[in-house]
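Shown next, in structure tokens, is the structure this report addresses.
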Amino acid sequence: QVQLEESGGGFVQAGGWLRLSCVFSANTNTMAWYRQVPGKQRELVAGLISDGSSKYADSVKGRFAIFRDIAKHTVYLQMNSLKPEDTAVYFCNTDPRVGMYPGRWWGQGTQVTVSS
């Protein structure tokens, strides 16, 4: 089992930025960030696999970036030019299988609130 610990959520004004971090208890092959707002399904925001390939939701392309520090067992989500519609609970997700979305394990979630 892989344990995940997220941090970095908070409150920011539109146009600002935040960086989310997710520390894994072990290195893994598929890492992703999802988000969810009340009444809606959880959606994939960004994903990264161990060969460096990444994918993004259309709504965040050009504004968000997912990257990792292998030595620290950490994946990051850099969120720039934030918009009020980015407000959500963000979840880290992972799986040992390459390209598995969603993966088997989830973090507890961190709230991101963007004010207009």
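In the structure tokens, the first chain shown is A, the next is B, and so on; residue numbers restart at 1 for each chain, and ligands run from 1 in the order shown.
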
* Quick one: DSSP strand (DSSP E) residues in segment 32-109 of chain A, as number ranges by chain? -> A: 32-36, 43-49, 54-56, 64-69, 74-79, 88-95, 105-106

Put those residues in a file: C-alpha atoms, as an mmCIF file, in the first residue's frame.
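Output file result.cif follows:
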```
data_model
loop_
_atom_site.group_PDB
_atom_site.id
_atom_site.type_symbol
_atom_site.label_atom_id
_atom_site.label_comp_id
_atom_site.auth_asym_id
_atom_site.auth_seq_id
_atom_site.Cartn_x
_atom_site.Cartn_y
_atom_site.Cartn_z
ATOM 1 C CA ALA A 32 -2.120 12.399 -10.826
ATOM 2 C CA TRP A 33 -4.104 15.258 -9.392
ATOM 3 C CA TYR A 34 -7.893 15.251 -9.449
ATOM 4 C CA ARG A 35 -10.363 17.822 -8.212
ATOM 5 C CA GLN A 36 -13.937 17.787 -7.094
ATOM 6 C CA GLU A 43 -12.182 15.076 -12.593
ATOM 7 C CA LEU A 44 -8.617 14.495 -13.722
ATOM 8 C CA VAL A 45 -6.620 17.711 -13.656
ATOM 9 C CA ALA A 46 -3.144 16.445 -14.541
ATOM 10 C CA GLY A 47 -1.371 13.113 -14.751
ATOM 11 C CA LEU A 48 2.234 12.021 -14.987
ATOM 12 C CA ILE A 49 3.746 8.627 -15.609
ATOM 13 C CA SER A 54 1.970 14.009 -18.887
ATOM 14 C CA LYS A 55 -1.620 14.868 -19.625
ATOM 15 C CA TYR A 56 -3.859 17.777 -18.637
ATOM 16 C CA PHE A 64 -0.942 24.164 -14.569
ATOM 17 C CA ALA A 65 2.119 21.932 -14.589
ATOM 18 C CA ILE A 66 2.684 18.551 -12.977
ATOM 19 C CA PHE A 67 6.196 17.438 -12.144
ATOM 20 C CA ARG A 68 7.974 15.273 -9.627
ATOM 21 C CA ASP A 69 11.059 14.957 -7.519
ATOM 22 C CA THR A 74 6.994 13.898 -4.275
ATOM 23 C CA VAL A 75 4.749 15.074 -7.084
ATOM 24 C CA TYR A 76 3.788 18.713 -7.462
ATOM 25 C CA LEU A 77 1.025 20.627 -9.157
ATOM 26 C CA GLN A 78 2.041 24.175 -10.014
ATOM 27 C CA MET A 79 -1.109 26.202 -10.581
ATOM 28 C CA ALA A 88 -12.262 22.667 -5.573
ATOM 29 C CA VAL A 89 -10.862 20.007 -3.304
ATOM 30 C CA TYR A 90 -7.748 18.644 -4.975
ATOM 31 C CA PHE A 91 -6.784 15.006 -4.500
ATOM 32 C CA CYS A 92 -3.496 13.310 -5.140
ATOM 33 C CA ASN A 93 -3.763 9.864 -6.699
ATOM 34 C CA THR A 94 -1.347 7.120 -7.603
ATOM 35 C CA ASP A 95 -0.966 3.589 -8.900
ATOM 36 C CA TRP A 105 -4.616 5.103 -3.826
ATOM 37 C CA TRP A 106 -5.902 8.535 -2.887
#
```

* **Contact residues around Gly10 of chain A with only C-alpha atoms at 9 Å, ignoring same-chain residues under 4 positions, as a list in words** => Leu18, Thr110, Gln111, Val112, Thr113 and Val114 of chain A

Could the residues in this selection be written to a file with all heavy atoms, as a short mmCIF file (atom, residue, chain, number, x, y, z; two decimals), in the first residue's frame?
```cif
data_model
loop_
_atom_site.label_atom_id
_atom_site.label_comp_id
_atom_site.auth_asym_id
_atom_site.auth_seq_id
_atom_site.Cartn_x
_atom_site.Cartn_y
_atom_site.Cartn_z
N LEU A 18 -0.65 28.84 -6.76
CA LEU A 18 -0.43 27.93 -5.64
C LEU A 18 0.36 26.74 -6.16
O LEU A 18 0.27 26.40 -7.34
CB LEU A 18 -1.74 27.44 -5.04
CG LEU A 18 -2.57 28.39 -4.20
CD1 LEU A 18 -3.93 27.76 -3.87
CD2 LEU A 18 -1.84 28.76 -2.91
N THR A 110 -7.03 18.42 -0.47
CA THR A 110 -6.67 19.73 0.05
C THR A 110 -7.51 20.78 -0.67
O THR A 110 -7.67 20.73 -1.89
CB THR A 110 -5.16 19.99 -0.12
OG1 THR A 110 -4.81 21.23 0.50
CG2 THR A 110 -4.73 20.01 -1.58
N GLN A 111 -8.05 21.71 0.09
CA GLN A 111 -8.97 22.71 -0.47
C GLN A 111 -8.19 23.83 -1.14
O GLN A 111 -7.25 24.38 -0.57
CB GLN A 111 -9.85 23.29 0.63
CG GLN A 111 -10.79 24.40 0.17
CD GLN A 111 -11.92 23.87 -0.69
OE1 GLN A 111 -12.55 22.85 -0.39
NE2 GLN A 111 -12.19 24.57 -1.80
N VAL A 112 -8.63 24.17 -2.34
CA VAL A 112 -8.13 25.34 -3.06
C VAL A 112 -9.31 26.25 -3.31
O VAL A 112 -10.32 25.84 -3.90
CB VAL A 112 -7.47 24.95 -4.39
CG1 VAL A 112 -7.15 26.19 -5.21
CG2 VAL A 112 -6.20 24.14 -4.13
N THR A 113 -9.20 27.50 -2.87
CA THR A 113 -10.27 28.47 -3.06
C THR A 113 -9.69 29.69 -3.76
O THR A 113 -8.72 30.28 -3.29
CB THR A 113 -10.89 28.89 -1.72
OG1 THR A 113 -11.38 27.72 -1.03
CG2 THR A 113 -12.04 29.86 -1.94
N VAL A 114 -10.30 30.04 -4.89
CA VAL A 114 -9.86 31.19 -5.68
C VAL A 114 -10.96 32.22 -5.68
O VAL A 114 -12.08 31.95 -6.14
CB VAL A 114 -9.50 30.78 -7.12
CG1 VAL A 114 -8.94 31.98 -7.88
CG2 VAL A 114 -8.52 29.62 -7.14
#
```

* To do: Just the residues within 8 Å of Tyr101 of chain A, please, counting only C-alpha atoms, with nothing from its chain fewer than 2 positions along; format it as an NGL selection string.
  => :A and (30 or 32 or 99 or 103)

Would you save the residues from that selection as a compact mmCIF listing (two decimals), in the first residue's frame, using C-alpha atoms?
```txt
# COMPACT_ATOMS: atom_id res chain seq x y z
CA THR A 30 1.39 6.84 -12.28
CA ALA A 32 -2.12 12.40 -10.83
CA GLY A 99 -1.02 4.86 -17.14
CA GLY A 103 -5.05 4.86 -9.60
```

For Glu5 of chain A: contacts at 7 Å, only C-alpha atoms, fewer than 6 positions along chain excluded, given as an mmCIF file with N, CA and C atoms, in the first residue's frame:
```cif
data_model
loop_
_atom_site.group_PDB
_atom_site.id
_atom_site.type_symbol
_atom_site.label_atom_id
_atom_site.label_comp_id
_atom_site.auth_asym_id
_atom_site.auth_seq_id
_atom_site.Cartn_x
_atom_site.Cartn_y
_atom_site.Cartn_z
ATOM 1 N N CYS A 22 2.524 16.462 -3.010
ATOM 2 C CA CYS A 22 2.032 15.156 -2.553
ATOM 3 C C CYS A 22 3.244 14.256 -2.363
ATOM 4 N N VAL A 23 3.434 13.829 -1.123
ATOM 5 C CA VAL A 23 4.549 12.954 -0.798
ATOM 6 C C VAL A 23 4.045 11.521 -0.737
ATOM 7 N N PHE A 24 4.727 10.648 -1.458
ATOM 8 C CA PHE A 24 4.375 9.225 -1.459
ATOM 9 C C PHE A 24 5.284 8.468 -0.494
ATOM 10 N N GLY A 107 -5.074 10.505 -1.796
ATOM 11 C CA GLY A 107 -4.798 11.326 -0.633
ATOM 12 C C GLY A 107 -6.095 11.810 -0.016
#
```

* To do: State, in Å with one decimal place, the distance from atom CA of Asn27 of chain A to atom CA of Gln1 of chain A.
  => 11.4 Å
